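Structure file coords_5.txt with compact mmCIF, C-alpha atoms:
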```
# COMPACT_ATOMS: atom_id res chain seq x y z
CA MET A 247 -19.48 64.48 -27.59
CA ARG A 248 -21.83 63.87 -30.44
CA SER A 249 -22.16 60.55 -32.09
CA GLN A 250 -21.85 60.08 -35.83
CA ASP A 251 -25.18 58.84 -36.83
CA LEU A 252 -28.02 58.32 -39.26
CA ARG A 253 -29.95 61.51 -39.90
CA SER A 254 -33.28 61.76 -38.20
CA ARG A 255 -35.09 63.21 -41.17
CA ALA A 256 -36.95 60.60 -43.19
CA ALA A 257 -39.99 60.72 -45.42
CA GLY A 258 -41.96 58.24 -43.41
CA SER A 259 -42.57 57.30 -39.83
CA VAL A 260 -41.08 59.83 -37.44
CA ALA A 261 -41.07 57.08 -34.85
CA LEU A 262 -38.60 55.08 -36.91
CA ALA A 263 -36.80 58.24 -37.99
CA MET A 264 -36.22 59.35 -34.45
CA VAL A 265 -35.29 55.89 -33.25
CA LEU A 266 -32.62 55.97 -35.89
CA ALA A 267 -31.98 59.63 -35.30
CA ALA A 268 -29.31 59.08 -32.87
CA CYS A 269 -27.52 57.51 -35.77
CA ALA A 270 -27.70 60.92 -37.66
CA ALA A 271 -25.47 60.79 -40.84
CA CYS A 272 -23.69 57.74 -40.10
CA SER A 273 -21.00 57.44 -42.60
CA TRP A 274 -21.03 53.73 -42.06
CA SER A 275 -18.00 51.79 -43.24
CA PRO A 276 -19.28 49.02 -45.50
CA PRO A 277 -17.44 45.72 -45.48
CA PRO A 278 -15.40 45.05 -48.62
CA ASP A 279 -17.17 43.33 -51.48
CA PRO A 280 -15.86 39.74 -51.66
CA SER A 281 -15.77 40.08 -55.44
CA SER A 282 -13.18 42.81 -55.01
CA ALA A 283 -10.75 40.75 -52.97
CA SER A 284 -8.00 41.47 -55.47
CA ILE A 285 -8.08 45.18 -54.57
CA ALA A 286 -5.25 45.93 -52.16
CA PRO A 287 -6.28 47.93 -49.08
CA GLN A 288 -5.01 51.45 -48.78
CA ALA A 289 -1.90 52.19 -46.82
CA VAL A 290 -2.15 54.90 -44.18
CA LEU A 291 0.72 57.35 -44.50
CA THR A 292 1.91 60.39 -42.60
CA GLY A 293 1.51 63.82 -44.13
CA ASP A 294 5.09 63.38 -45.34
CA GLN A 295 4.10 60.15 -47.14
CA GLU A 296 5.86 57.83 -44.70
CA PRO A 297 4.06 54.59 -43.77
CA ILE A 298 2.49 54.56 -40.31
CA ASP A 299 3.26 51.48 -38.23
CA PHE A 300 0.08 50.54 -36.36
CA THR A 301 -0.06 48.40 -33.24
CA GLN A 302 -2.92 45.93 -33.66
CA ILE A 303 -5.38 45.43 -30.77
CA GLU A 304 -7.54 42.32 -30.85
CA ASN A 305 -9.53 39.97 -28.61
CA PRO A 306 -11.78 42.34 -26.63
CA ARG A 307 -12.90 41.19 -23.23
CA GLU A 308 -16.48 41.35 -22.03
CA ALA A 309 -17.05 44.40 -19.83
CA THR A 310 -18.08 43.70 -16.22
CA ALA A 311 -19.66 45.61 -13.34
CA ASP A 312 -16.14 46.64 -12.34
CA ASP A 313 -15.80 48.54 -15.62
CA TYR A 314 -18.97 50.62 -15.60
CA SER A 315 -22.27 51.36 -13.90
CA VAL A 316 -25.57 52.68 -15.25
CA VAL A 317 -26.16 56.21 -13.90
CA GLY A 318 -29.28 57.22 -15.83
CA THR A 319 -31.80 56.39 -18.52
CA ILE A 320 -33.53 58.80 -20.89
CA SER A 321 -36.82 57.22 -21.86
CA PRO A 322 -40.28 58.36 -23.02
CA SER A 323 -42.85 58.88 -20.28
CA GLU A 324 -45.83 58.83 -22.67
CA PRO A 325 -46.74 56.84 -25.80
CA GLY A 326 -45.47 58.54 -28.96
CA GLU A 327 -42.93 60.67 -27.11
CA ILE A 328 -39.39 60.70 -28.55
CA TYR A 329 -36.10 61.89 -27.07
CA ASN A 330 -33.43 62.19 -29.74
CA VAL A 331 -30.10 62.48 -27.92
CA LEU A 332 -27.69 64.77 -29.77
CA ALA A 333 -24.64 64.69 -27.47
CA ILE A 334 -23.45 64.09 -23.91
CA ASP A 335 -20.69 65.91 -22.02
CA ASP A 336 -18.09 65.11 -19.38
CA GLU A 337 -20.60 65.80 -16.58
CA GLY A 338 -23.02 63.17 -17.86
CA ARG A 339 -25.50 65.74 -19.17
CA ALA A 340 -27.29 65.13 -22.46
CA LEU A 341 -28.41 67.55 -25.19
CA VAL A 342 -31.80 66.31 -26.40
CA ASP A 343 -34.31 67.10 -29.14
CA HIS A 344 -37.74 66.34 -27.65
CA THR A 345 -40.43 65.54 -30.21
CA SER A 346 -43.25 63.07 -30.87
CA GLU A 347 -44.40 60.57 -33.45
CA SER A 348 -47.30 62.85 -34.41
CA ALA A 349 -44.96 65.76 -35.25
CA TYR A 350 -44.26 64.46 -38.77
CA ASP A 351 -46.67 65.45 -41.54
CA PRO A 352 -46.57 62.92 -44.41
CA GLU A 353 -48.60 65.22 -46.68
CA THR A 354 -45.97 67.96 -46.65
CA ASN A 355 -42.96 65.73 -45.87
CA GLY A 356 -42.18 68.13 -43.03
CA MET A 357 -42.84 68.77 -39.38
CA LYS A 358 -46.19 69.90 -37.94
CA GLU A 359 -44.60 70.80 -34.61
CA PRO A 360 -41.04 71.92 -33.79
CA GLY A 361 -38.72 69.83 -31.70
CA ILE A 362 -37.83 71.23 -28.27
CA ILE A 363 -34.15 71.41 -27.35
CA GLU A 364 -33.59 70.35 -23.75
CA LEU A 365 -30.74 69.62 -21.37
CA TRP A 366 -31.06 66.37 -19.43
CA ARG A 367 -29.29 65.99 -16.09
CA ASP A 368 -29.85 63.50 -13.26
CA GLY A 369 -33.26 62.48 -14.57
CA GLY A 370 -34.63 65.99 -15.16
CA PHE A 371 -35.05 68.17 -18.25
CA THR A 372 -34.45 71.91 -18.72
CA GLU A 373 -35.61 73.65 -21.89
CA LEU A 374 -32.88 75.69 -23.57
CA GLY A 375 -35.28 78.20 -25.10
CA ASP A 376 -37.50 78.64 -28.15
CA THR A 377 -35.79 79.15 -31.52
CA THR A 378 -39.01 79.29 -33.56
CA ALA A 379 -39.01 83.06 -34.13
CA LEU A 380 -35.27 83.42 -34.74
CA VAL A 381 -35.60 82.65 -38.46
CA GLU A 382 -38.59 84.42 -39.99
CA GLY A 383 -40.74 82.41 -42.37
CA ASP A 384 -39.49 78.95 -41.37
CA ARG A 385 -41.85 76.04 -40.92
CA PRO A 386 -41.46 73.89 -37.77
CA ARG A 387 -37.92 72.51 -37.47
CA GLN A 388 -36.20 69.55 -35.85
CA SER A 389 -32.59 69.00 -34.81
CA TYR A 390 -30.34 66.17 -35.93
CA GLY A 391 -26.95 67.08 -34.43
CA GLY A 392 -25.24 69.13 -31.76
CA GLU A 393 -22.37 69.59 -29.33
CA LEU A 394 -22.32 70.12 -25.57
CA THR A 395 -19.49 71.56 -23.45
CA ASP A 396 -19.25 72.83 -19.89
CA THR A 397 -20.33 76.31 -20.95
CA ASP A 398 -22.13 76.05 -24.29
CA ALA A 399 -24.63 74.06 -26.30
CA VAL A 400 -24.73 74.33 -30.09
CA TRP A 401 -27.07 72.50 -32.41
CA VAL A 402 -28.36 72.47 -35.98
CA GLU A 403 -32.01 72.55 -37.00
CA THR A 404 -33.82 72.10 -40.32
CA GLU A 405 -37.39 72.26 -41.51
CA SER A 406 -36.61 69.66 -44.17
CA ALA A 407 -37.46 65.98 -43.95
CA ASP A 408 -35.86 65.46 -47.37
CA LEU A 409 -32.74 63.33 -47.43
CA ALA A 410 -31.31 65.30 -50.37
CA VAL A 411 -31.64 68.96 -49.31
CA SER A 412 -31.38 70.91 -46.07
CA ASP A 413 -31.68 74.57 -45.19
CA TRP A 414 -29.70 74.30 -41.96
CA ARG A 415 -29.72 76.75 -39.05
CA ILE A 416 -27.01 76.78 -36.37
CA PHE A 417 -28.02 77.86 -32.85
CA ARG A 418 -26.07 78.41 -29.66
CA ARG A 419 -27.04 78.71 -26.02
CA ASP A 420 -24.62 80.11 -23.42
CA LEU A 421 -25.35 77.82 -20.48
CA HIS A 422 -24.12 80.49 -18.07
CA GLY A 423 -25.92 83.33 -19.86
CA ASP A 424 -29.39 84.88 -19.80
CA GLY A 425 -31.27 81.77 -20.83
CA SER A 426 -31.96 82.63 -24.46
CA PRO A 427 -30.67 80.79 -27.55
CA GLU A 428 -29.08 82.80 -30.35
CA LEU A 429 -28.97 82.28 -34.10
CA VAL A 430 -25.40 81.71 -35.28
CA ALA A 431 -25.87 81.27 -39.03
CA THR A 432 -28.21 80.06 -41.78
CA SER A 433 -27.45 78.17 -44.97
CA GLU A 434 -28.97 80.96 -47.08
CA LYS A 435 -26.54 83.56 -45.74
CA VAL A 436 -23.45 81.35 -45.68
CA ALA A 437 -23.98 79.38 -48.91
CA GLY A 438 -26.06 81.99 -50.75
CA GLN A 439 -29.10 79.87 -51.61
CA ASP A 440 -32.03 77.95 -50.18
CA ASN A 441 -32.85 74.29 -50.86
CA LEU A 442 -29.17 73.58 -50.44
CA PRO A 443 -28.20 70.05 -51.54
CA ILE A 444 -26.69 67.80 -48.90
CA VAL A 445 -23.13 67.07 -49.98
CA ALA A 446 -20.95 64.49 -48.18
CA GLY A 447 -23.44 64.30 -45.30
CA ASP A 448 -25.41 66.77 -43.21
CA SER A 449 -23.86 69.90 -41.73
CA ARG A 450 -23.30 69.58 -37.97
CA PRO A 451 -21.50 71.95 -35.58
CA VAL A 452 -18.68 71.35 -33.09
CA ILE A 453 -16.91 73.64 -30.61
CA SER A 454 -13.15 73.99 -30.33
CA ASN A 455 -10.98 76.75 -28.87
CA ASP A 456 -13.96 79.14 -28.45
CA ARG A 457 -15.08 78.77 -32.05
CA ILE A 458 -17.98 76.93 -33.66
CA TYR A 459 -16.98 74.95 -36.76
CA TRP A 460 -19.13 73.20 -39.33
CA LYS A 461 -19.03 72.06 -42.95
CA THR A 462 -21.42 73.42 -45.55
CA ALA A 463 -22.15 72.71 -49.18
CA TYR A 464 -21.89 75.58 -51.66
CA ARG A 465 -22.28 76.06 -55.41
CA ARG A 466 -19.24 76.92 -57.50
CA ASP A 467 -19.16 79.03 -60.63
CA ASP A 468 -19.25 75.87 -62.76
CA GLU A 469 -22.59 74.94 -61.08
CA SER A 470 -21.07 71.97 -59.23
CA TYR A 471 -21.46 71.62 -55.47
CA ARG A 472 -18.52 71.22 -53.13
CA THR A 473 -17.93 71.44 -49.36
CA ARG A 474 -16.29 74.15 -47.31
CA LEU A 475 -15.33 74.35 -43.63
CA VAL A 476 -16.50 77.56 -41.93
CA SER A 477 -16.40 78.88 -38.37
CA VAL A 478 -17.57 81.67 -36.10
CA GLY A 479 -16.35 82.76 -32.67
CA LEU A 480 -18.57 82.05 -29.66
CA GLY A 481 -20.88 85.01 -29.19
CA GLN A 482 -19.92 86.47 -32.57
CA THR A 483 -21.71 86.62 -35.92
CA GLU A 484 -18.97 86.96 -38.56
CA VAL A 485 -18.56 83.64 -40.39
CA ARG A 486 -15.02 82.86 -41.50
CA ASP A 487 -14.17 80.60 -44.44
CA GLU A 488 -11.56 78.07 -43.33
CA LEU A 489 -10.89 75.30 -45.85
CA ASP A 490 -12.33 74.06 -49.12
CA LEU A 491 -13.10 70.39 -49.81
CA THR A 492 -13.50 69.00 -46.30
CA GLY A 493 -15.64 66.56 -44.38
CA ASP A 494 -17.23 67.28 -41.01
CA PRO A 495 -14.90 68.82 -38.39
CA GLN A 496 -14.01 67.05 -35.17
CA PRO A 497 -12.61 68.96 -32.16
CA VAL A 498 -9.13 68.28 -30.75
CA ASP A 499 -6.87 70.24 -28.40
CA GLN A 500 -5.04 72.00 -31.22
CA GLY A 501 -8.13 72.93 -33.25
CA VAL A 502 -10.20 70.63 -35.46
CA VAL A 503 -9.39 67.66 -37.67
CA VAL A 504 -11.19 67.09 -40.98
CA PHE A 505 -11.14 64.63 -43.81
CA ARG A 506 -9.37 66.26 -46.76
CA MET A 507 -11.61 65.60 -49.79
CA THR A 508 -10.66 65.22 -53.43
CA ASP A 509 -12.17 67.50 -56.07
CA GLU A 510 -14.23 64.81 -57.76
CA THR A 511 -17.91 64.54 -58.71
CA THR A 512 -20.13 61.65 -57.72
CA GLU A 513 -20.57 59.30 -60.67
CA GLY A 514 -23.68 57.40 -61.61
CA THR A 515 -26.14 59.72 -59.88
CA ASP A 516 -29.52 60.70 -61.32
CA SER A 517 -29.36 64.05 -59.55
CA PRO A 518 -29.03 67.11 -61.83
CA GLU A 519 -26.57 68.62 -59.36
CA GLN A 520 -22.92 67.71 -59.82
CA THR A 521 -21.96 67.05 -56.22
CA GLN A 522 -18.71 66.21 -54.53
CA ASP A 523 -18.00 62.50 -54.19
CA PRO A 524 -18.21 61.64 -50.45
CA ARG A 525 -15.88 58.68 -51.01
CA GLY A 526 -13.10 60.87 -52.37
CA ILE A 527 -10.95 61.27 -49.27
CA ALA A 528 -7.24 62.05 -49.54
CA GLY A 529 -6.26 62.29 -45.87
CA VAL A 530 -6.75 63.95 -42.49
CA THR A 531 -5.87 67.61 -41.89
CA LEU A 532 -5.44 69.50 -38.60
CA LEU A 533 -6.67 73.10 -38.73
CA ARG A 534 -5.53 75.37 -35.90
CA PRO A 535 -7.48 78.42 -34.63
CA ASP A 536 -4.94 80.78 -36.23
CA GLY A 537 -5.69 79.29 -39.65
CA SER A 538 -2.50 77.26 -39.97
CA LYS A 539 -2.84 73.63 -40.94
CA GLN A 540 -0.94 70.37 -40.83
CA GLU A 541 -1.45 67.27 -42.96
CA LEU A 542 -1.61 64.45 -40.41
CA VAL A 543 -2.50 61.49 -42.60
CA SER A 544 -2.57 60.64 -46.30
CA PHE A 545 -4.08 57.60 -48.00
CA SER A 546 -2.05 55.75 -50.55
CA SER A 547 -4.53 55.33 -53.40
CA ASP A 548 -7.80 56.55 -54.82
CA THR A 549 -10.86 55.72 -52.77
CA ASN A 550 -13.71 53.70 -54.21
CA ASP A 551 -16.83 51.81 -53.14
CA ASN A 552 -14.79 49.21 -51.27
CA TRP A 553 -11.94 51.19 -49.75
CA PHE A 554 -12.69 54.58 -48.27
CA PRO A 555 -12.26 56.11 -44.81
CA SER A 556 -15.29 57.09 -42.74
CA ASN A 557 -16.48 58.06 -39.26
CA LEU A 558 -13.79 60.60 -38.42
CA ALA A 559 -13.92 61.47 -34.69
CA GLY A 560 -11.70 63.46 -32.34
CA SER A 561 -11.24 64.84 -28.84
CA GLY A 562 -8.31 65.99 -26.74
CA ALA A 563 -5.02 64.75 -28.17
CA HIS A 564 -6.50 61.94 -30.28
CA TYR A 565 -8.53 61.29 -33.40
CA ALA A 566 -9.85 58.14 -35.05
CA PHE A 567 -11.42 56.90 -38.27
CA VAL A 568 -12.59 53.68 -39.90
CA LEU A 569 -10.82 52.14 -42.90
CA ASP A 570 -11.12 48.63 -44.30
CA GLY A 571 -13.51 47.68 -41.50
CA ALA A 572 -10.99 48.56 -38.77
CA VAL A 573 -10.88 51.42 -36.28
CA HIS A 574 -7.65 53.44 -36.48
CA VAL A 575 -6.70 55.58 -33.45
CA LEU A 576 -3.90 58.17 -33.66
CA SER A 577 -2.54 61.16 -31.81
CA ALA A 578 -1.82 64.48 -33.46
CA ASP A 579 1.79 64.33 -32.24
CA ALA A 580 2.22 60.85 -33.79
CA ASP A 581 2.95 59.18 -30.42
CA LEU A 582 0.09 56.71 -30.86
CA ALA A 583 -1.06 54.58 -33.79
CA VAL A 584 -3.45 51.70 -33.04
CA ARG A 585 -5.52 49.55 -35.40
CA ILE A 586 -8.53 47.58 -34.10
CA PRO A 587 -10.05 45.14 -36.62
CA THR A 588 -13.67 43.94 -36.43
CA ASP A 589 -15.55 40.80 -37.39
CA GLU A 590 -16.10 40.60 -41.12
CA ASP A 591 -19.89 40.30 -40.76
CA LEU A 592 -20.22 43.45 -38.60
CA VAL A 593 -20.04 47.13 -39.52
CA VAL A 594 -18.46 49.93 -37.47
CA SER A 595 -20.65 52.99 -36.91
CA GLU A 596 -21.00 55.99 -34.59
CA LEU A 597 -17.32 56.29 -33.76
CA SER A 598 -16.63 58.82 -30.99
CA VAL A 599 -13.54 59.93 -29.05
CA CYS A 600 -13.59 61.50 -25.58
CA ASP A 601 -10.95 62.08 -22.91
CA GLY A 602 -8.83 59.00 -23.49
CA ARG A 603 -11.57 56.65 -24.71
CA VAL A 604 -12.76 55.61 -28.15
CA VAL A 605 -16.26 54.13 -28.42
CA TRP A 606 -18.28 52.75 -31.32
CA ALA A 607 -21.13 50.46 -32.28
CA LEU A 608 -20.86 47.20 -34.18
CA ARG A 609 -23.95 46.68 -36.31
CA ASP A 610 -25.20 43.63 -38.16
CA GLN A 611 -26.67 43.64 -41.65
CA ALA A 612 -30.09 44.55 -40.20
CA SER A 613 -28.50 47.72 -38.73
CA THR A 614 -28.93 46.45 -35.17
CA ALA A 615 -26.10 47.51 -32.86
CA VAL A 616 -25.23 44.12 -31.39
CA ARG A 617 -22.24 45.44 -29.40
CA ARG A 618 -20.75 48.67 -28.09
CA MET A 619 -16.97 48.77 -27.95
CA VAL A 620 -14.91 50.87 -25.54
CA TYR A 621 -11.16 51.28 -26.03
CA ASN A 622 -9.16 52.81 -23.19
CA ILE A 623 -6.20 54.58 -24.77
CA ALA A 624 -4.09 54.80 -21.60
CA SER A 625 -4.44 51.15 -20.57
CA GLY A 626 -4.73 49.68 -24.06
CA GLN A 627 -7.74 47.65 -22.90
CA LEU A 628 -10.58 46.90 -25.33
CA ALA A 629 -13.95 46.10 -23.75
CA SER A 630 -17.20 44.92 -25.31
CA VAL A 631 -20.79 45.35 -24.12
CA GLU A 632 -23.58 43.27 -25.62
CA THR A 633 -26.53 45.46 -26.65
CA PRO A 634 -29.06 43.25 -28.46
CA ASN A 635 -32.06 44.76 -30.28
CA SER A 636 -30.48 48.19 -30.29
CA PHE A 637 -31.18 50.74 -33.03
CA GLY A 638 -30.15 53.91 -31.19
CA GLY A 639 -26.94 55.91 -31.30
CA THR A 640 -23.65 55.79 -29.39
CA TYR A 641 -22.15 58.74 -27.48
CA CYS A 642 -19.40 59.57 -25.02
CA GLY A 643 -18.24 62.47 -22.87
CA GLY A 644 -15.47 62.24 -20.28
CA ASP A 645 -16.04 59.05 -18.29
CA TYR A 646 -19.59 58.72 -19.61
CA VAL A 647 -20.65 56.41 -22.43
CA ALA A 648 -24.26 56.23 -23.65
CA TRP A 649 -26.16 54.18 -26.17
CA GLY A 650 -29.69 53.74 -27.44
CA GLN A 651 -31.56 50.50 -26.94
CA SER A 652 -35.06 49.05 -26.74
CA GLY A 653 -36.51 49.35 -23.24
CA ALA A 654 -38.62 46.80 -21.40
CA ASP A 655 -41.79 48.25 -22.94
CA GLY A 656 -40.33 48.23 -26.44
CA ARG A 657 -39.78 51.99 -26.58
CA ASN A 658 -36.42 53.39 -27.52
CA GLU A 659 -34.34 54.69 -24.60
CA THR A 660 -30.83 55.93 -24.04
CA VAL A 661 -28.76 54.38 -21.25
CA ILE A 662 -26.00 56.54 -19.73
CA THR A 663 -23.12 54.71 -18.08
CA ARG A 664 -20.04 55.85 -16.18
CA TRP A 665 -16.76 54.01 -16.68
CA SER A 666 -13.98 53.55 -14.16
```
Same coordinates, now as structure tokens:
Amino acid sequence: MRSQDLRSRAAGSVALAMVLAACAACSWSPPPDPSSASIAPQAVLTGDQEPIDFTQIENPREATADDYSVVGTISPSEPGEIYNVLAIDDEGRALVDHTSESAYDPETNGMKEPGIIELWRDGGFTELGDTTALVEGDRPRQSYGGELTDTDAVWVETESADLAVSDWRIFRRDLHGDGSPELVATSEKVAGQDNLPIVAGDSRPVISNDRIYWKTAYRRDDESYRTRLVSVGLGQTEVRDELDLTGDPQPVDQGVVVFRMTDETTEGTDSPEQTQDPRGIAGVTLLRPDGSKQELVSFSSDTNDNWFPSNLAGSGAHYAFVLDGAVHVLSADADLAVRIPTDEDLVVSELSVCDGRVVWALRDQASTAVRRMVYNIASGQLASVETPNSFGGTYCGGDYVAWGQSGADGRNETVITRWS
């Protein structure tokens, strides 16, 4: 599964950008402003507007050697080399964008050299093929997000290092096929324009029920920009419009879950574009492959700077999100509803769900991930791993949990662990 993270593209040092890359688009959940203590937190309701009764889980225990073991480390072998992990799967493999500090060109605010997409397994790397020529006229691109399954890898690339616009390209590689990546879609063809503004976060693909889903921005007739969920079947080229006004999709057994957005424009921005407010979230919707949908969760009041959901994640029968500084874990069939609060001085980021586990990072005000948290849904156990001086991302797949950290030589590395 992919982690929810800070985007790798930054107009500055690629070294820092790629260290933070594993945090690509982190919709971090900010702690409430103390001056707004009189604002009542939102209630979480069912799609039928009934209150959800959450079981609260507190007091995590420190994880021990009986809980997990380190099975691999992805680290640079040369100075300036960068491995930006995009996702890991249930076999412990990692989808990686391989680049270097020298690849960023500050004069053009772009890339001088393309990133190389590779598959890491048991300490070795396999290139997944060159995508350079698949979109004519593009400058060198880098990747900031992807998904990895037993049979397929999908990822998104952009030539932009601008935090406000992105001409995204979605690629797929059949891991059992002929060894060549294929172009799935481009922002120009799907959204009808280049220099597409980033609205409610970057576009990033996921796979569910033999379809690739992602969210894109698009311009409406009134010149405002909103988001739309689209999809395409594996090995196909026809893009299907799914839902308007959504956040990023997250895969579950029955399809994908998405944040259901409100039709509101961001206020107080200096941008000439009237873009959808990323804080305007009305609930969580399940979209099935046949196009039917179910409203799983609604929120009781308008969102604002202090109270808004973030970090939606999903896998299997479960999904999770952050609200009011707490992780909320639910099942699509409503059999499970758990709330896990966090320390007031820490921020939840990079929430991920995989095969009965929920993992996330707890970051301090300097954005250092001081702890990784692992919640076992079946046992109800909450474990904590200290990860000091860590600026990398957090990932999980099956029994595998991975996180970025500073290695012994000060370089960023990703540690892959297997949990019992």
Item to complete: Mind giving me the straight-line distance from atom CA of A:Gly653 to atom CA of A:Arg307 in Å, one decimal?
Response: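 Rounded to one decimal, the two atoms are 25.0 Å apart.
Coordinates place atom CA of A:Arg525 at a distance of 18.7 Å from atom CA of A:Leu542.
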Practice prompt. Name the residues in contact with A:Arg657 at a cut-off of 12 Å, using only C-alpha atoms, excluding same-chain residues fewer than 3 positions from it; report them as a ChimeraX atom specification.
Written response: /A:261-262,264-265,320-329,347,635-638,650-654,660
Worksheet item: Out of A:Ala410, A:Ala578, A:Val573, A:Cys600, which residue has the shortest atom-to-atom distance to A:Leu532 when counting all atoms listed in the file?
Response: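 Result for the nearest residue to A:Leu532: A:Ala578.
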Item to complete: Neighbourhood query: residues within 7 Å of (-8.7, 71.6, -31.5), file coordinates, counting only C-alpha atoms; return as a list in words.
Response: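 Using only C-alpha atoms, the matching residues come out as Ser454, Asn455, Pro497, Val498, Asp499, Gln500, Gly501, Val502 and Arg534 of chain A.
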Practice prompt. Please identify all polymer residues within 12 Å of A:Arg457, counting only C-alpha atoms, omitting same-chain residues fewer than 4 positions from it, and present them as an NGL selection string.
Written response: :A and (398 or 400 or 418 or 430 or 451-453 or 476-486 or 488 or 495 or 497 or 501-502 or 534-536)
Selected residues written out, C-alpha atoms, as a compact mmCIF listing (two decimals), in the frame of the given file:
```
# COMPACT_ATOMS: atom_id res chain seq x y z
CA ASP A 398 -22.13 76.05 -24.29
CA VAL A 400 -24.73 74.33 -30.09
CA ARG A 418 -26.07 78.41 -29.66
CA VAL A 430 -25.40 81.71 -35.28
CA PRO A 451 -21.50 71.95 -35.58
CA VAL A 452 -18.68 71.35 -33.09
CA ILE A 453 -16.91 73.64 -30.61
CA VAL A 476 -16.50 77.56 -41.93
CA SER A 477 -16.40 78.88 -38.37
CA VAL A 478 -17.57 81.67 -36.10
CA GLY A 479 -16.35 82.76 -32.67
CA LEU A 480 -18.57 82.05 -29.66
CA GLY A 481 -20.88 85.01 -29.19
CA GLN A 482 -19.92 86.47 -32.57
CA THR A 483 -21.71 86.62 -35.92
CA GLU A 484 -18.97 86.96 -38.56
CA VAL A 485 -18.56 83.64 -40.39
CA ARG A 486 -15.02 82.86 -41.50
CA GLU A 488 -11.56 78.07 -43.33
CA PRO A 495 -14.90 68.82 -38.39
CA PRO A 497 -12.61 68.96 -32.16
CA GLY A 501 -8.13 72.93 -33.25
CA VAL A 502 -10.20 70.63 -35.46
CA ARG A 534 -5.53 75.37 -35.90
CA PRO A 535 -7.48 78.42 -34.63
CA ASP A 536 -4.94 80.78 -36.23
```
Item to complete: Write out as number ranges by chain each polymer residue whose atoms come within 9 Å of A:Val605, counting all atoms listed in the file; drop sequence neighbours fewer than 6 positions from it.
Response: A: 596-599, 618-622, 640-642, 647
Fill in: Point-to-point distance in Å for atom CA of A:Thr372 and atom CA of A:Gly338
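Between atom CA of A:Gly338 and atom CA of A:Thr372 the gap is 14.4 Å.
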Would you fill the gaps in stretch 288-298 of chain A so it has N, CA, C and O atoms, then print it as an mmCIF file, keeping the file's coordinate frame?
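Contents of the output file rebuild-v5.cif:
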```cif
data_model
loop_
_atom_site.group_PDB
_atom_site.id
_atom_site.type_symbol
_atom_site.label_atom_id
_atom_site.label_comp_id
_atom_site.auth_asym_id
_atom_site.auth_seq_id
_atom_site.Cartn_x
_atom_site.Cartn_y
_atom_site.Cartn_z
ATOM 1 N N GLN A 288 -5.854 50.261 -48.794
ATOM 2 C CA GLN A 288 -5.010 51.450 -48.780
ATOM 3 C C GLN A 288 -4.009 51.393 -47.648
ATOM 4 O O GLN A 288 -4.287 50.880 -46.582
ATOM 5 N N ALA A 289 -2.862 51.961 -47.892
ATOM 6 C CA ALA A 289 -1.900 52.190 -46.820
ATOM 7 C C ALA A 289 -2.192 53.544 -46.196
ATOM 8 O O ALA A 289 -2.625 54.476 -46.868
ATOM 9 N N VAL A 290 -1.977 53.634 -44.889
ATOM 10 C CA VAL A 290 -2.150 54.900 -44.180
ATOM 11 C C VAL A 290 -0.763 55.499 -43.988
ATOM 12 O O VAL A 290 0.129 54.883 -43.388
ATOM 13 N N LEU A 291 -0.572 56.694 -44.504
ATOM 14 C CA LEU A 291 0.720 57.350 -44.500
ATOM 15 C C LEU A 291 0.679 58.610 -43.658
ATOM 16 O O LEU A 291 -0.388 59.171 -43.394
ATOM 17 N N THR A 292 1.829 59.082 -43.237
ATOM 18 C CA THR A 292 1.910 60.390 -42.600
ATOM 19 C C THR A 292 1.714 61.471 -43.647
ATOM 20 O O THR A 292 1.678 61.198 -44.857
ATOM 21 N N GLY A 293 1.598 62.720 -43.191
ATOM 22 C CA GLY A 293 1.510 63.820 -44.130
ATOM 23 C C GLY A 293 2.727 63.949 -45.008
ATOM 24 O O GLY A 293 2.672 64.529 -46.100
ATOM 25 N N ASP A 294 3.851 63.374 -44.551
ATOM 26 C CA ASP A 294 5.090 63.380 -45.340
ATOM 27 C C ASP A 294 5.240 62.117 -46.177
ATOM 28 O O ASP A 294 6.328 61.822 -46.682
ATOM 29 N N GLN A 295 4.134 61.347 -46.286
ATOM 30 C CA GLN A 295 4.100 60.150 -47.140
ATOM 31 C C GLN A 295 4.933 58.996 -46.609
ATOM 32 O O GLN A 295 5.370 58.128 -47.374
ATOM 33 N N GLU A 296 5.176 58.964 -45.314
ATOM 34 C CA GLU A 296 5.860 57.830 -44.700
ATOM 35 C C GLU A 296 4.824 56.858 -44.131
ATOM 36 O O GLU A 296 3.847 57.286 -43.517
ATOM 37 N N PRO A 297 5.019 55.555 -44.306
ATOM 38 C CA PRO A 297 4.060 54.590 -43.770
ATOM 39 C C PRO A 297 3.934 54.700 -42.247
ATOM 40 O O PRO A 297 4.929 54.906 -41.546
ATOM 41 N N ILE A 298 2.739 54.547 -41.752
ATOM 42 C CA ILE A 298 2.490 54.560 -40.310
ATOM 43 C C ILE A 298 2.444 53.112 -39.823
ATOM 44 O O ILE A 298 1.734 52.271 -40.380
#
```
